[in-house]
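Text of input04.cif, listed as mmCIF, C-alpha atoms:
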```
data_upload
loop_
_atom_site.label_atom_id
_atom_site.label_comp_id
_atom_site.auth_asym_id
_atom_site.auth_seq_id
_atom_site.Cartn_x
_atom_site.Cartn_y
_atom_site.Cartn_z
CA MET F 1 -3.77 -12.15 17.42
CA MET F 2 -6.63 -13.27 19.62
CA SER F 3 -9.23 -16.00 19.38
CA GLU F 4 -12.92 -15.10 19.62
CA GLN F 5 -13.03 -16.40 23.18
CA GLN F 6 -10.07 -14.21 24.17
CA ASN F 7 -11.63 -11.21 22.42
CA ASN F 8 -14.82 -11.67 24.43
CA VAL F 9 -12.83 -11.80 27.67
CA ALA F 10 -10.72 -8.78 26.75
CA ASP F 11 -13.84 -6.76 25.97
CA GLU F 12 -15.11 -7.00 29.53
CA SER F 13 -14.63 -3.66 31.23
CA ASP F 14 -13.92 -5.03 34.71
CA ILE F 15 -10.73 -6.85 33.72
CA SER F 16 -7.55 -5.14 34.88
CA ALA F 17 -4.77 -4.12 32.54
CA ARG F 18 -2.46 -6.63 34.22
CA LYS F 19 -4.85 -9.50 33.60
CA LYS F 20 -5.24 -8.47 29.98
CA ALA F 21 -1.43 -8.48 29.68
CA LEU F 22 -1.35 -11.96 31.18
CA LEU F 23 -3.89 -13.11 28.59
CA LEU F 24 -1.52 -11.89 25.90
CA GLY F 25 1.21 -13.92 27.58
CA ARG F 26 -0.93 -17.01 27.16
CA MET F 27 -1.02 -16.40 23.43
CA LEU F 28 2.77 -16.27 23.41
CA GLY F 29 3.03 -19.56 25.25
CA LEU F 30 4.25 -17.83 28.42
CA ALA F 31 1.42 -19.04 30.65
CA SER F 32 0.83 -22.50 32.08
CA GLU F 33 -1.87 -24.59 30.43
CA ASP F 34 -2.87 -28.14 31.34
CA ASP F 35 0.37 -30.15 31.16
CA TYR F 36 2.40 -27.27 29.72
CA ARG F 37 4.66 -25.27 32.04
CA PRO F 38 6.75 -22.55 30.35
CA SER F 39 9.08 -22.35 33.36
CA THR F 40 10.28 -25.89 32.69
CA ALA F 41 10.26 -25.68 28.88
CA SER F 42 13.21 -24.65 26.74
CA ILE F 43 12.89 -21.61 24.50
CA ALA F 44 12.57 -23.95 21.49
CA GLU F 45 9.73 -25.80 23.21
CA ARG F 46 8.03 -22.52 24.05
CA ALA F 47 8.34 -21.45 20.40
CA GLN F 48 6.84 -24.76 19.26
CA HIS F 49 4.00 -24.38 21.75
CA ARG F 50 3.26 -20.86 20.53
CA GLN F 51 3.35 -22.04 16.91
CA ARG F 52 0.87 -24.82 17.65
CA LYS F 53 -1.46 -22.32 19.34
CA LEU F 54 -1.14 -19.97 16.38
CA GLN F 55 -1.90 -22.74 13.91
CA SER F 56 -4.92 -23.76 15.98
CA HIS F 57 -6.23 -20.20 15.95
CA CYS F 58 -5.68 -19.93 12.19
CA GLN F 59 -7.45 -23.21 11.60
CA ALA F 60 -10.36 -22.13 13.78
CA ASN F 61 -10.57 -18.86 11.82
CA LEU F 62 -10.74 -20.70 8.48
CA GLU F 63 -13.34 -23.13 9.73
CA THR F 64 -15.52 -20.30 11.03
CA ILE F 65 -15.28 -18.37 7.76
CA PHE F 66 -15.99 -21.49 5.71
CA ALA F 67 -19.03 -22.38 7.84
CA LEU F 68 -20.38 -18.85 7.46
CA ALA F 69 -19.73 -18.93 3.70
CA LEU F 70 -21.83 -22.08 3.42
CA ASN F 71 -24.75 -20.18 4.92
CA TYR F 72 -24.37 -17.51 2.22
CA SER F 73 -24.06 -20.04 -0.65
CA PRO F 74 -27.49 -20.92 -2.11
CA SER F 75 -28.16 -24.46 -3.29
CA ASP F 76 -30.35 -23.32 -6.20
CA VAL F 77 -27.66 -21.24 -7.96
CA THR F 78 -24.93 -22.65 -10.18
CA GLY F 79 -21.49 -22.21 -8.65
CA SER F 80 -18.17 -21.41 -10.33
CA ASN F 81 -14.64 -22.69 -9.88
CA LEU F 82 -12.45 -20.22 -8.05
CA ASP F 83 -9.23 -19.05 -9.63
CA ALA F 84 -6.47 -21.15 -8.03
CA ASP F 85 -4.21 -18.20 -7.25
CA TRP F 86 -7.10 -16.14 -5.89
CA SER F 87 -8.32 -18.93 -3.59
CA TYR F 88 -4.80 -19.63 -2.31
CA GLN F 89 -4.22 -15.98 -1.44
CA PHE F 90 -7.71 -15.70 0.01
CA PHE F 91 -7.18 -18.51 2.53
CA GLN F 92 -3.67 -17.30 3.34
CA MET F 93 -5.14 -13.97 4.40
CA ALA F 94 -8.43 -15.26 5.83
CA GLU F 95 -6.72 -17.46 8.40
CA GLN F 96 -5.45 -14.30 10.10
CA ILE F 97 -8.91 -12.79 10.56
CA HIS F 98 -9.87 -13.25 14.21
CA ASN F 99 -12.71 -10.78 14.74
CA ARG F 100 -16.16 -12.31 14.32
CA LYS F 101 -17.60 -9.34 12.44
CA MET F 102 -14.70 -9.31 9.99
CA GLN F 103 -14.93 -13.08 9.56
CA ASP F 104 -18.49 -12.56 8.39
CA LEU F 105 -17.25 -10.14 5.71
CA TRP F 106 -14.69 -12.63 4.48
CA ALA F 107 -17.31 -15.36 4.39
CA ARG F 108 -19.56 -13.21 2.23
CA ILE F 109 -16.67 -12.52 -0.15
CA LEU F 110 -16.00 -16.23 -0.52
CA ALA F 111 -19.65 -17.02 -1.16
CA SER F 112 -19.91 -14.15 -3.64
CA GLU F 113 -16.90 -15.38 -5.61
CA ILE F 114 -18.27 -18.93 -5.74
CA ILE F 115 -21.53 -17.56 -7.17
CA SER F 116 -19.98 -14.98 -9.50
CA PRO F 117 -16.15 -14.82 -9.59
CA GLY F 118 -14.15 -11.69 -10.28
CA ASN F 119 -15.94 -9.19 -8.05
CA PHE F 120 -13.21 -8.88 -5.43
CA SER F 121 -9.58 -8.41 -6.37
CA LEU F 122 -6.60 -9.62 -4.40
CA ARG F 123 -5.67 -5.98 -3.89
CA SER F 124 -9.02 -5.37 -2.20
CA LEU F 125 -8.50 -8.42 -0.01
CA ALA F 126 -5.10 -7.08 1.06
CA VAL F 127 -6.76 -3.80 2.12
CA LEU F 128 -9.59 -5.63 3.86
CA LYS F 129 -7.08 -7.75 5.78
CA GLN F 130 -5.66 -4.59 7.33
CA LEU F 131 -9.04 -3.24 8.41
CA THR F 132 -10.04 -3.45 12.04
CA ALA F 133 -13.61 -3.89 13.23
CA ARG F 134 -13.57 -0.21 14.25
CA GLU F 135 -12.64 0.84 10.72
CA ALA F 136 -15.41 -1.35 9.33
CA LEU F 137 -17.85 0.54 11.58
CA ILE F 138 -16.56 3.83 10.15
CA ILE F 139 -17.24 2.53 6.63
CA GLU F 140 -20.76 1.56 7.72
CA LYS F 141 -21.27 5.09 9.00
CA ALA F 142 -19.86 6.73 5.87
CA LEU F 143 -22.03 4.57 3.62
CA GLY F 144 -25.09 5.43 5.68
CA MET F 145 -24.43 9.12 5.02
CA ALA F 146 -23.52 8.72 1.35
CA ALA F 147 -25.93 9.37 -1.50
CA LYS F 148 -26.45 8.71 -5.19
CA ILE F 149 -26.96 11.74 -7.40
CA GLY F 150 -29.23 11.43 -10.41
CA SER F 151 -28.82 8.22 -12.38
CA GLU F 152 -25.31 7.48 -11.07
CA LYS F 153 -24.84 4.01 -9.63
CA LYS F 154 -21.96 4.94 -7.35
CA VAL F 155 -22.50 6.66 -4.02
CA LYS F 156 -20.80 9.87 -2.99
CA LEU F 157 -20.11 11.22 0.47
CA LEU F 158 -21.42 14.76 -0.02
CA SER F 159 -19.43 17.33 1.95
CA GLY F 160 -21.17 20.52 0.83
CA TYR F 161 -22.09 22.74 -2.09
CA LYS F 162 -20.97 26.12 -3.34
CA MET F 163 -21.78 28.88 -5.76
CA SER F 164 -19.08 29.13 -8.41
CA GLY F 165 -19.45 32.24 -10.54
CA GLY F 166 -22.32 34.56 -11.27
CA ILE F 167 -22.99 37.98 -9.89
CA LYS F 168 -24.95 36.66 -6.90
CA GLN F 169 -21.80 35.31 -5.31
CA TYR F 170 -20.67 38.88 -4.58
CA PHE F 171 -23.75 39.53 -2.45
CA ARG F 172 -23.31 36.49 -0.21
CA LYS F 173 -21.34 36.33 2.99
CA HIS F 174 -20.40 32.71 2.27
CA ASN F 175 -20.35 31.09 -1.14
CA GLN F 176 -19.86 27.61 0.31
CA THR F 177 -22.16 25.58 2.54
CA VAL F 178 -20.50 22.76 4.47
CA PHE F 179 -22.51 19.70 5.42
CA PRO F 180 -22.19 18.69 9.10
CA LEU F 181 -20.52 15.29 8.74
CA SER F 182 -18.79 15.63 12.09
CA GLN F 183 -21.99 16.47 13.99
CA HIS F 184 -23.50 13.24 12.71
CA GLY F 185 -20.70 10.96 13.84
CA LEU F 186 -18.21 11.22 11.00
CA PRO F 187 -15.46 13.65 12.11
CA TYR F 188 -12.60 14.51 9.81
CA SER F 189 -10.35 12.12 11.75
CA ASN F 190 -12.61 9.27 10.58
CA ILE F 191 -12.43 10.50 7.01
CA LEU F 192 -8.63 10.50 7.29
CA THR F 193 -8.83 6.93 8.58
CA LEU F 194 -10.74 5.90 5.46
CA ILE F 195 -8.28 7.79 3.27
CA ASP F 196 -5.30 6.09 4.94
CA ALA F 197 -7.02 2.72 4.53
CA GLY F 198 -7.44 3.31 0.79
CA ILE F 199 -11.25 3.49 1.02
CA LEU F 200 -11.62 7.17 0.05
CA TYR F 201 -9.55 9.31 -2.27
CA SER F 202 -7.42 11.86 -0.43
CA SER F 203 -8.91 14.98 -2.02
CA GLU F 204 -12.45 16.23 -2.44
CA PHE F 205 -14.11 16.21 -5.85
CA GLU F 206 -16.68 18.54 -7.38
CA THR F 207 -19.59 17.88 -9.66
CA GLY F 208 -19.99 19.97 -12.75
CA LEU F 209 -22.29 22.97 -12.59
CA LEU F 210 -25.81 21.73 -12.01
CA ASP F 211 -28.35 22.35 -14.73
CA THR F 212 -31.36 24.39 -13.59
CA LYS F 213 -33.51 22.69 -16.22
CA SER F 214 -32.57 19.14 -15.21
CA PRO F 215 -33.89 18.10 -11.79
CA LEU F 216 -31.74 15.57 -9.95
CA THR F 217 -32.81 12.81 -7.62
CA VAL F 218 -30.77 12.52 -4.42
CA THR F 219 -30.99 9.03 -2.93
CA PHE F 220 -29.84 8.26 0.62
CA THR F 221 -30.16 4.84 2.26
CA ASN F 222 -33.72 5.38 3.51
CA SER F 223 -34.88 8.51 1.73
CA GLN F 224 -35.07 10.12 -1.68
CA PHE F 225 -35.90 13.61 -2.91
CA THR F 226 -35.58 15.67 -6.06
CA ILE F 227 -33.68 18.95 -6.31
CA SER F 228 -33.60 21.72 -8.88
CA PRO F 229 -30.89 24.42 -8.66
CA LYS F 230 -32.26 27.95 -8.42
CA ASN F 231 -29.32 29.35 -10.39
CA PRO F 232 -26.81 27.85 -12.89
CA HIS F 233 -23.70 28.36 -10.77
CA LEU F 234 -24.16 25.68 -8.12
CA LEU F 235 -22.14 22.50 -7.66
CA PHE F 236 -21.64 19.83 -5.01
CA SER F 237 -18.35 18.86 -3.35
CA TYR F 238 -17.91 15.27 -2.22
CA TYR F 239 -15.56 12.50 -1.15
CA ARG F 240 -15.26 9.69 -3.64
CA PHE F 241 -14.79 6.03 -2.83
CA THR F 242 -11.78 4.37 -4.44
CA HIS F 243 -12.19 1.27 -6.60
CA ILE F 244 -11.19 -0.84 -3.62
CA GLY F 245 -13.62 1.08 -1.44
CA GLU F 246 -16.43 0.42 -3.90
CA GLU F 247 -15.68 -3.30 -3.85
CA LEU F 248 -15.76 -3.39 -0.07
CA CYS F 249 -18.93 -1.32 0.02
CA GLN F 250 -20.74 -4.19 -1.69
CA LEU F 251 -20.29 -6.20 1.51
CA ILE F 252 -20.90 -3.66 4.23
CA THR F 253 -24.42 -2.75 5.26
CA PRO F 254 -24.82 1.04 5.57
CA LYS F 255 -25.61 2.40 9.00
CA SER F 256 -28.27 4.82 7.84
CA ASP F 257 -28.53 8.31 9.30
CA ASP F 258 -31.96 9.73 8.45
CA LYS F 259 -31.30 12.89 10.50
CA PHE F 260 -28.29 13.70 8.32
CA ALA F 261 -30.40 13.41 5.15
CA GLU F 262 -33.08 15.66 6.68
CA GLU F 263 -30.50 18.26 7.67
CA ILE F 264 -29.10 18.27 4.13
CA LYS F 265 -32.58 19.08 2.85
CA ILE F 266 -32.80 22.02 5.26
CA LEU F 267 -29.36 23.36 4.35
CA ILE F 268 -29.89 23.35 0.59
CA LYS F 269 -33.38 24.90 0.54
CA LYS F 270 -31.83 28.35 0.16
CA ASP F 271 -30.46 27.52 -3.28
CA PHE F 272 -32.44 24.48 -4.41
CA THR F 273 -36.09 23.71 -4.95
CA LEU F 274 -36.97 20.41 -3.29
CA THR F 275 -39.75 17.96 -4.02
CA ASN F 276 -40.25 14.59 -2.32
#
```
As a first step, turn the structure in this file into structure tokens.
Amino acid sequence: MMSEQQNNVADESDISARKKALLLGRMLGLASEDDYRPSTASIAERAQHRQRKLQSHCQANLETIFALALNYSPSDVTGSNLDADWSYQFFQMAEQIHNRKMQDLWARILASEIISPGNFSLRSLAVLKQLTAREALIIEKALGMAAKIGSEKKVKLLSGYKMSGGIKQYFRKHNQTVFPLSQHGLPYSNILTLIDAGILYSSEFETGLLDTKSPLTVTFTNSQFTISPKNPHLLFSYYRFTHIGEELCQLITPKSDDKFAEEIKILIKKDFTLTN
């Protein structure tokens, strides 16, 4: 576990692997600091030194998250008392969050619960605690490519559409059209990462057959258009966010991909009538 200062140092590309390893040694109390010399300290003293450093890092993490949470807590809104068990578990987990971007997420959770408790479960916090900054970026990307269909409030990560039934399917070379998630920065390996993290369900879902007489609005982050199926045998396939994923998605700002939305429009024109 690294402090923000150590993370900034470790991110510099011109630092050798050996020096990075030595920086890790400092975290373990194996490097000299001020009046501390590990070569002259007993193993118990080295353990105590490491524990003090760890506690200092944890305290710094909590103070950073709390300071950020204050910025997200309005003074003109009535606050609520946090559930005692929830707040205890929250701070137990939050003290281990060292990455600045992730600390910001935890701060927003805390502020949100003070304003309106009950939005984020302890189970979601446990999943969030395991997320790395890289995984958070993948969620941002997935959300930026996800869409709402019709009047649904929950977003879906559309993966394609297919013709299911009807005589026309026998005159087509391919009955399924796959959307190019990978070409837009979301390869299947990233989808597996979200599945393993408990953000997406492990299998794809399908909508029911789409009604030709009921146009649907497709809403991406920055664009919206209306579609009408040209035949009654079309349906979408999609990845669905888990309940925990939906909770976390409230905190993460989508990294919109307008080119993906435009390519979807091009791909579905064969079987759908589109209006902006």
Closest contacts (region 59-157 of chain F/region 244-261 of chain F, max 12 Å, only C-alpha atoms) as a tab-separated table:
```
residue	atom	partner	partner_atom	distance
F:Lys101	CA	F:Ile252	CA	10.5
F:Met102	CA	F:Ile252	CA	10.2
F:Gln103	CA	F:Leu251	CA	11.9
F:Asp104	CA	F:Leu251	CA	9.5
F:Leu105	CA	F:Leu251	CA	6.5
F:Trp106	CA	F:Leu251	CA	9.0
F:Ala107	CA	F:Leu251	CA	10.1
F:Arg108	CA	F:Leu251	CA	7.1
F:Ile109	CA	F:Leu251	CA	7.5
F:Leu110	CA	F:Leu251	CA	11.1
F:Ala111	CA	F:Leu251	CA	11.2
F:Ser112	CA	F:Leu251	CA	9.5
F:Gly118	CA	F:Glu247	CA	10.7
F:Asn119	CA	F:Glu247	CA	7.2
F:Phe120	CA	F:Glu247	CA	6.3
F:Ser121	CA	F:Ile244	CA	8.2
F:Leu122	CA	F:Ile244	CA	9.9
F:Arg123	CA	F:Ile244	CA	7.5
F:Ser124	CA	F:Ile244	CA	5.2
F:Leu125	CA	F:Ile244	CA	8.8
F:Ala126	CA	F:Ile244	CA	9.9
F:Val127	CA	F:Ile244	CA	7.8
F:Leu128	CA	F:Leu248	CA	7.7
F:Lys129	CA	F:Leu248	CA	11.3
F:Leu131	CA	F:Leu248	CA	10.8
F:Ala133	CA	F:Ile252	CA	11.6
F:Glu135	CA	F:Ile252	CA	11.4
F:Ala136	CA	F:Ile252	CA	7.8
F:Leu137	CA	F:Lys255	CA	8.4
F:Ile138	CA	F:Lys255	CA	9.2
F:Ile139	CA	F:Ile252	CA	7.6
F:Glu140	CA	F:Pro254	CA	4.6
F:Lys141	CA	F:Lys255	CA	5.1
F:Ala142	CA	F:Pro254	CA	7.6
F:Leu143	CA	F:Pro254	CA	4.9
F:Gly144	CA	F:Ser256	CA	3.9
F:Met145	CA	F:Asp257	CA	6.0
F:Ala146	CA	F:Pro254	CA	8.9
F:Ala147	CA	F:Ala261	CA	9.0
F:Lys153	CA	F:Glu246	CA	10.8
F:Lys154	CA	F:Glu246	CA	7.9
F:Val155	CA	F:Glu246	CA	8.7
F:Lys156	CA	F:Glu246	CA	10.5
F:Leu157	CA	F:Ala261	CA	11.5
```
Discussion item. Taking the file as I've supplied it (selection: the PyMOL selection byres ((chain F and resi 208-219) around 10)), which residues are included? Please answer as an NGL selection string.
Written reply: :F and (146-152 or 155 or 162-165 or 205-207 or 220-237 or 261 or 265 or 272-276)
Worksheet item: Written as a PyMOL selection string, which residues does the PyMOL selection byres ((chain F and resi 115) around 7) give for the file shown?
Response: chain F and resi 78-80+111-114+116-117
Give me a file of those residues, with C-alpha atoms, as a compact mmCIF listing (two decimals), in the coordinates of the input.
```txt
# COMPACT_ATOMS: atom_id res chain seq x y z
CA THR F 78 -24.93 -22.65 -10.18
CA GLY F 79 -21.49 -22.21 -8.65
CA SER F 80 -18.17 -21.41 -10.33
CA ALA F 111 -19.65 -17.02 -1.16
CA SER F 112 -19.91 -14.15 -3.64
CA GLU F 113 -16.90 -15.38 -5.61
CA ILE F 114 -18.27 -18.93 -5.74
CA SER F 116 -19.98 -14.98 -9.50
CA PRO F 117 -16.15 -14.82 -9.59
```
Practice prompt. Might you spell out which residues the PyMOL selection byres ((chain F and resi 195) around 12) would select in the displayed file, as a ChimeraX atom specification?
Written response: /F:127,135,138-139,142,188-194,196-204,239-242,244-245
Which centre and which edge lengths, in Å to one decimal, describe the axis-aligned box that holds all listed atoms of region 74-84 of chain F after 8 Å is added on each side, as JSON?
```
{"center_x": -18.4, "center_y": -21.8, "center_z": -6.2, "size_x": 39.9, "size_y": 21.4, "size_z": 24.2}
```
Discussion item. Report, in Å to a single decimal, how far apart CA of Arg52 (chain F) and CA of Thr40 (chain F) are.
Written reply: 17.8 Å
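Across the model, the gap from CA of Leu22 (chain F) to CA of Ile65 (chain F) is 28.0 Å.
Going from CA of Leu267 (chain F) over to CA of Ser159 (chain F), you cover 11.9 Å.
Minimum distance to Leu62 (chain F) across F:Gln96, F:Gln89, F:Asn81, F:Gln176 (counting all atoms listed in the file) occurs at F:Gln96.
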